[in-house]
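A.B. asks: Before I ask anything, let me first share the structure, which is written out below as structure tokens.
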Amino acid sequence: MIPRAFEYFDPPTLEEAVALLEQHGEDAKLMAGGQSLLPMMKLRMVSPAVVVDLWRVPDLDTIRRDDVVVRIGAMTTHYALQSSEVIRNTLPALADAARVVGDPLVRNLGTIGGSAAHAAHNADYPAVLVALDAELQAVGPAGTRSIVAEDFFIDTFTTCLEPTEIVTEISIPVPGDTECSAYLKLSRRGTDFAIVGVATALTEGEGGRCDDARVVLTGVGDTPVRATEAEEILKAGPLDPERLREAGEAAKRNLDPPSDVQADAQYRVDVSGVYVRRAVAAAWERSQSDVSGLGN
Amino acid sequence: MARTVQATVNGRKYHEENVEPRLLLVHFLRDRLGLTGTHVGCDSTNCGACTVMFNGKAVKSCTVLAVRADGAAITTIEGVADEEQLHPLQEGFWEKHGLQCGYCTPGMIMSALQLLERHPDPDEETVRLELEGNLCRCTGYQNIVEAVLWAAGRLRGASA
Ligand SMILES: Cc1cc2nc3c(=O)[nH]c(=O)nc-3n(C[C@H](O)[C@H](O)[C@H](O)COP(=O)(O)OP(=O)(O)OC[C@H]3O[C@@H](n4cnc5c(N)ncnc54)[C@H](O)[C@@H]3O)c2cc1C
Ligand code: FES
Ligand code: FES
């Protein structure tokens, strides 16, 4: 399988990349790791006339952390994220996700910016970015803007980016001492996309309570789905096994997931409840220095 | 517009003109450089038969544009042995019967090379997880895992 012929540019600066996108409009496609775009081009599901490859643009793959925010360059690979001490220690849910994206070969090339911009409905990062309250920085002909993750994902394979905009960085607030996160994914084989994935971020309060909770699912809708009812239940009283069970049940209500070769819709609904429970328990256990005994 | 690609493959410098942007790295290696040890299995980024080391990272060469190889250092299965001396991984696949038809083997060995770089003393679970990108239709993986563990032992012995 060979892609259709295209014109290829690999500009050395972001400014030139933006200018090329402006010049070629809808005919142009950006390339990052190529791990989603190239398979689709080979199948000729997409056949851009122009490819603008970002691989020569410097400094797009750094991970920097200060007291308030972790800044991740858009071209940071899944492997770089999974092996980064900063990510593992500060944003464990993101490290959880990075290490289960595809397989080691895909992780060596695929990038977080590419995955976010691709916006597959069953990708791993989108749910995590929403749960961790990430912002995406984009640069375009009109300058730069910042987009909160919850507004970024519009539909499957659709984001709020203009065709001339490039994601340059993803910034995520540094969690406080009482916050913790986890991401848990169900897939049939190692390299598969999620049947269901759950990202959760919790803030531990007084008396075994959860002061804040975010629970976000992937694979069950066109975009990441926030389980707001489950979040409310988690915040309503001490986190015990019964509350956890109720939250799982709440997450299943109002879900309208797709059926495909991997799983039918009802299976996805059922397993969503289980994975919400397990992901919350995993994040909670990380936030506790002593054993919490929530189990799953 | 076709480009020129200058790449170092298995330690040897190549200068290839007229490389079409849509040419995939695997076809560049096989058809232009004649290095047919790298296989095309699925051609859809699933099987890992086409795995090569690209600037120190194992990648699926059916999912990389050849024009990106300009300036790159690439190792294919042909560059793994040291002259006539097989690499411990190659010996391991031999000793432990890590192959049947052998179609997946070049890719398995390239992935395993990276695995042993990242995890010099892997347990079985690590070997299985790190080879997730490589499919074998014949062996059931058991002997592949044993071959990699055997090679890990040999390499640790050699460096001790
Ligand atoms: C076998 C296999 C298994 C996989 N399994 C999973 C999985 O389990 N979970 C998962 O989440 N993903 C999975 N993926 C997808 C993988 O994560 C890709 O790496 C990712 O989706 C795309 O990242 P990329 O850097 O390769 O982007 P590319 O493929 O280069 O680009 C993808 C899209 O994003 C656009 N784009 C890229 N970078 C930018 C940018 N900076 N700004 C604006 N637009 C941009 C491109 O124009 C294109 O439309 C898998 C892929 C393969 C081949
Ligand atoms: S041929 Fe490249 S992954 Fe199968
Ligand atoms: S030995 Fe035949 S595919 Fe692996």
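In the structure tokens, chains take letters A, B, ... by order of appearance, with residues numbered from 1 within each chain and ligands from 1 in the order shown.
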Write as a list in words the residues around ligand 3, taking 10 Å as the cut-off and counting only C-alpha atoms and all ligand atoms.

C.D. replies: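 Using only C-alpha atoms and all ligand atoms, I find these residues within 10 Å of ligand 3: Gly41, Cys47, Ala49, His97, Gly98, Leu99, Gln100, Cys101, Gly102, Tyr103, Cys104, Thr105, Pro106, Gly107, Met108, Asn134, Leu135, Cys136, Arg137, Cys138, Thr139, Gly140, Tyr141, Asn143 and Ile144 of chain B.
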
A.B. asks: Could you list, with a cut-off of 7 Å and counting only C-alpha atoms and all ligand atoms, the residues of chain A near ligand 1, each shown with its nearest atom pair and the distance in Å rounded to one decimal, rows sorted by chain and ascending number, as CSV?

C.D. replies:
residue,atom,partner,partner_atom_place_in_ligand_line,distance
A:Lys29,CA,ligand 1,47 (O),4.6
A:Leu30,CA,ligand 1,47 (O),3.7
A:Met31,CA,ligand 1,30 (O),3.8
A:Ala32,CA,ligand 1,30 (O),3.5
A:Gly33,CA,ligand 1,25 (O),3.4
A:Gly34,CA,ligand 1,30 (O),3.3
A:Gln35,CA,ligand 1,26 (O),3.5
A:Ser36,CA,ligand 1,29 (O),3.4
A:Leu37,CA,ligand 1,29 (O),3.6
A:Leu38,CA,ligand 1,29 (O),6.1
A:Pro39,CA,ligand 1,53 (C),6.8
A:Ala74,CA,ligand 1,41 (N),5.3
A:Met75,CA,ligand 1,41 (N),6.6
A:Val100,CA,ligand 1,8 (O),6.3
A:Val101,CA,ligand 1,7 (C),4.0
A:Gly102,CA,ligand 1,5 (N),3.2
A:Asp103,CA,ligand 1,3 (C),6.3
A:Val106,CA,ligand 1,52 (C),5.8
A:Arg107,CA,ligand 1,19 (O),6.7
A:Leu109,CA,ligand 1,26 (O),6.2
A:Gly110,CA,ligand 1,19 (O),3.2
A:Thr111,CA,ligand 1,25 (O),3.6
A:Ile112,CA,ligand 1,23 (O),6.2
A:Gly113,CA,ligand 1,41 (N),4.8
A:Gly114,CA,ligand 1,37 (C),3.5
A:Ser115,CA,ligand 1,21 (O),3.6
A:Ala117,CA,ligand 1,34 (O),4.3
A:His118,CA,ligand 1,33 (C),4.0
A:Asn122,CA,ligand 1,11 (O),6.7
A:Ala123,CA,ligand 1,11 (O),3.2
A:Asp124,CA,ligand 1,11 (O),4.0
A:Tyr125,CA,ligand 1,11 (O),6.0
A:Glu165,CA,ligand 1,43 (C),6.2
A:Ile166,CA,ligand 1,42 (N),3.7
A:Val167,CA,ligand 1,42 (N),3.7
A:Thr168,CA,ligand 1,41 (N),5.6
A:Thr191,CA,ligand 1,3 (C),5.0
A:Asp192,CA,ligand 1,8 (O),4.9
A:Phe193,CA,ligand 1,8 (O),3.6
A:Ala194,CA,ligand 1,8 (O),6.0

A.B. asks: Within 10 Å of stretch 83-94 of chain A, counting only C-alpha atoms, which residues show up once you throw out same-chain ones fewer than 6 positions away? Write them as a VMD selection string, please.

C.D. replies: chain A and resid 63 to 65 69 to 70 72 124 to 125 127 to 129 131 to 132 172 to 177 179 to 184 198 to 201 279 283 286

A.B. asks: Between atom CA of B:Ala158 and atom CA of B:Leu131, what is the spacing in Å?

C.D. replies: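 Going from atom CA of B:Leu131 over to atom CA of B:Ala158 covers 23.3 Å.
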
A.B. asks: Restricting the calculation to only C-alpha atoms: of B:Leu155, B:Thr63, B:Leu113, B:Gln142, which residue gets closest to A:Met40?

C.D. replies: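 The shortest atom-to-atom distance to A:Met40 comes from B:Thr63.
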
A.B. asks: List every residue of chain B that DSSP, applied to the backbone of this structure, assigns to alpha helix (DSSP H), and report them as an MDAnalysis selection string.

C.D. replies: chainID B and resid 25:27 88:95 105:118 124:130 142:159

A.B. asks: Nearest to chain B: which of A:Lys42, A:Arg245, A:Arg268, A:His121 is it, counting only C-alpha atoms?

C.D. replies: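 Once distances to chain B are computed over only C-alpha atoms, the minimum belongs to A:Lys42.
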
A.B. asks: Report the residues of stretch 75-190 of chain A whose backbone DSSP state falls under strand (DSSP E or B), written as a ChimeraX atom specification.

C.D. replies: /A:77,111,135-140,143-148,153-155,158-159,166-173,179-186

A.B. asks: With distances taken over only C-alpha atoms and all ligand atoms, which of B:Glu132, B:Glu95, B:Glu16, B:Glu146 is nearest to ligand 2?

C.D. replies: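 Residue with the minimum atom-to-atom distance to ligand 2: B:Glu132.
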
A.B. asks: What residues of the protein or nucleic acid chains come within 7 Å of ligand 2 when you use only C-alpha atoms and all ligand atoms? Reply as number ranges by chain.

C.D. replies: B: 39-51, 60-63

A.B. asks: Could the residues of chain B that have an atom at most 6 Å from chain A be listed as JSON lines, each with its closest atom pair and the distance in Å to one decimal, counting only C-alpha atoms and ordered by chain and ascending residue number?

C.D. replies:
{"residue": "B:Arg22", "atom": "CA", "partner": "A:Ala5", "partner_atom": "CA", "distance": 5.9}
{"residue": "B:Ala58", "atom": "CA", "partner": "A:Leu105", "partner_atom": "CA", "distance": 5.8}
{"residue": "B:Val59", "atom": "CA", "partner": "A:Leu105", "partner_atom": "CA", "distance": 4.8}
{"residue": "B:Glu132", "atom": "CA", "partner": "A:Asp103", "partner_atom": "CA", "distance": 5.6}
{"residue": "B:Gly133", "atom": "CA", "partner": "A:Asp103", "partner_atom": "CA", "distance": 4.9}

A.B. asks: Mind writing the picked residues with all heavy atoms as a short mmCIF file (atom, residue, chain, number, x, y, z; two decimals), in the first residue's frame?

C.D. replies:
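Writing the result to selection.cif gives the following:
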data_model
loop_
_atom_site.label_atom_id
_atom_site.label_comp_id
_atom_site.auth_asym_id
_atom_site.auth_seq_id
_atom_site.Cartn_x
_atom_site.Cartn_y
_atom_site.Cartn_z
N ARG B 22 6.60 10.00 -1.26
CA ARG B 22 5.68 8.96 -0.79
C ARG B 22 6.35 7.60 -0.63
O ARG B 22 5.72 6.65 -0.17
CB ARG B 22 4.48 8.85 -1.72
CG ARG B 22 4.82 8.35 -3.09
CD ARG B 22 3.53 8.04 -3.82
NE ARG B 22 3.73 7.84 -5.24
CZ ARG B 22 2.77 7.36 -6.01
NH1 ARG B 22 1.61 7.03 -5.51
NH2 ARG B 22 2.99 7.22 -7.30
N ALA B 58 13.63 1.53 17.64
CA ALA B 58 12.97 0.54 16.79
C ALA B 58 11.66 1.12 16.27
O ALA B 58 10.84 1.60 17.06
CB ALA B 58 12.73 -0.74 17.59
N VAL B 59 11.48 1.08 14.96
CA VAL B 59 10.26 1.64 14.35
C VAL B 59 9.78 0.71 13.24
O VAL B 59 10.54 -0.11 12.71
CB VAL B 59 10.50 3.05 13.75
CG1 VAL B 59 11.01 4.01 14.82
CG2 VAL B 59 11.48 3.01 12.57
N GLU B 132 5.22 -6.51 22.02
CA GLU B 132 3.80 -6.41 21.65
C GLU B 132 3.58 -5.91 20.23
O GLU B 132 2.55 -6.20 19.62
CB GLU B 132 3.07 -5.47 22.62
CG GLU B 132 2.26 -6.20 23.63
CD GLU B 132 1.62 -5.26 24.65
OE1 GLU B 132 1.65 -4.01 24.46
OE2 GLU B 132 1.12 -5.77 25.64
N GLY B 133 4.55 -5.19 19.70
CA GLY B 133 4.38 -4.65 18.35
C GLY B 133 4.75 -5.63 17.25
O GLY B 133 4.70 -5.28 16.07
#

A.B. asks: Counting only C-alpha atoms, what is within 12 Å of A:Glu16, bar same-chain residues fewer than 2 positions away, as number ranges by chain?

C.D. replies: A: 9-14, 18-23, 52-54, 56-57, 139-141, 164, 166

A.B. asks: My list of candidates is B:Val145, B:Ile77, B:Met53, B:Val64. Which is closest to B:Glu117 when distances are computed with only C-alpha atoms?

C.D. replies: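 With only C-alpha atoms as the atom set, the closest residue is B:Met53.
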
A.B. asks: Taking only C-alpha atoms into account, which of B:Ala7, B:Leu33, B:Met110, B:Val26 comes nearest B:His87?

C.D. replies: B:Met110

A.B. asks: When you look at B:Phe54 with a cut-off of 9 Å (counting only C-alpha atoms), what residues show up, excluding the ones that are within fewer than 5 positions of it in the same chain? I need them as a list in words.

C.D. replies: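 Listing them by chain and then by number gives Val59, Ser61, Ala69, Ala72, Ala73, Ile74, Thr75 and Thr76 of chain B.
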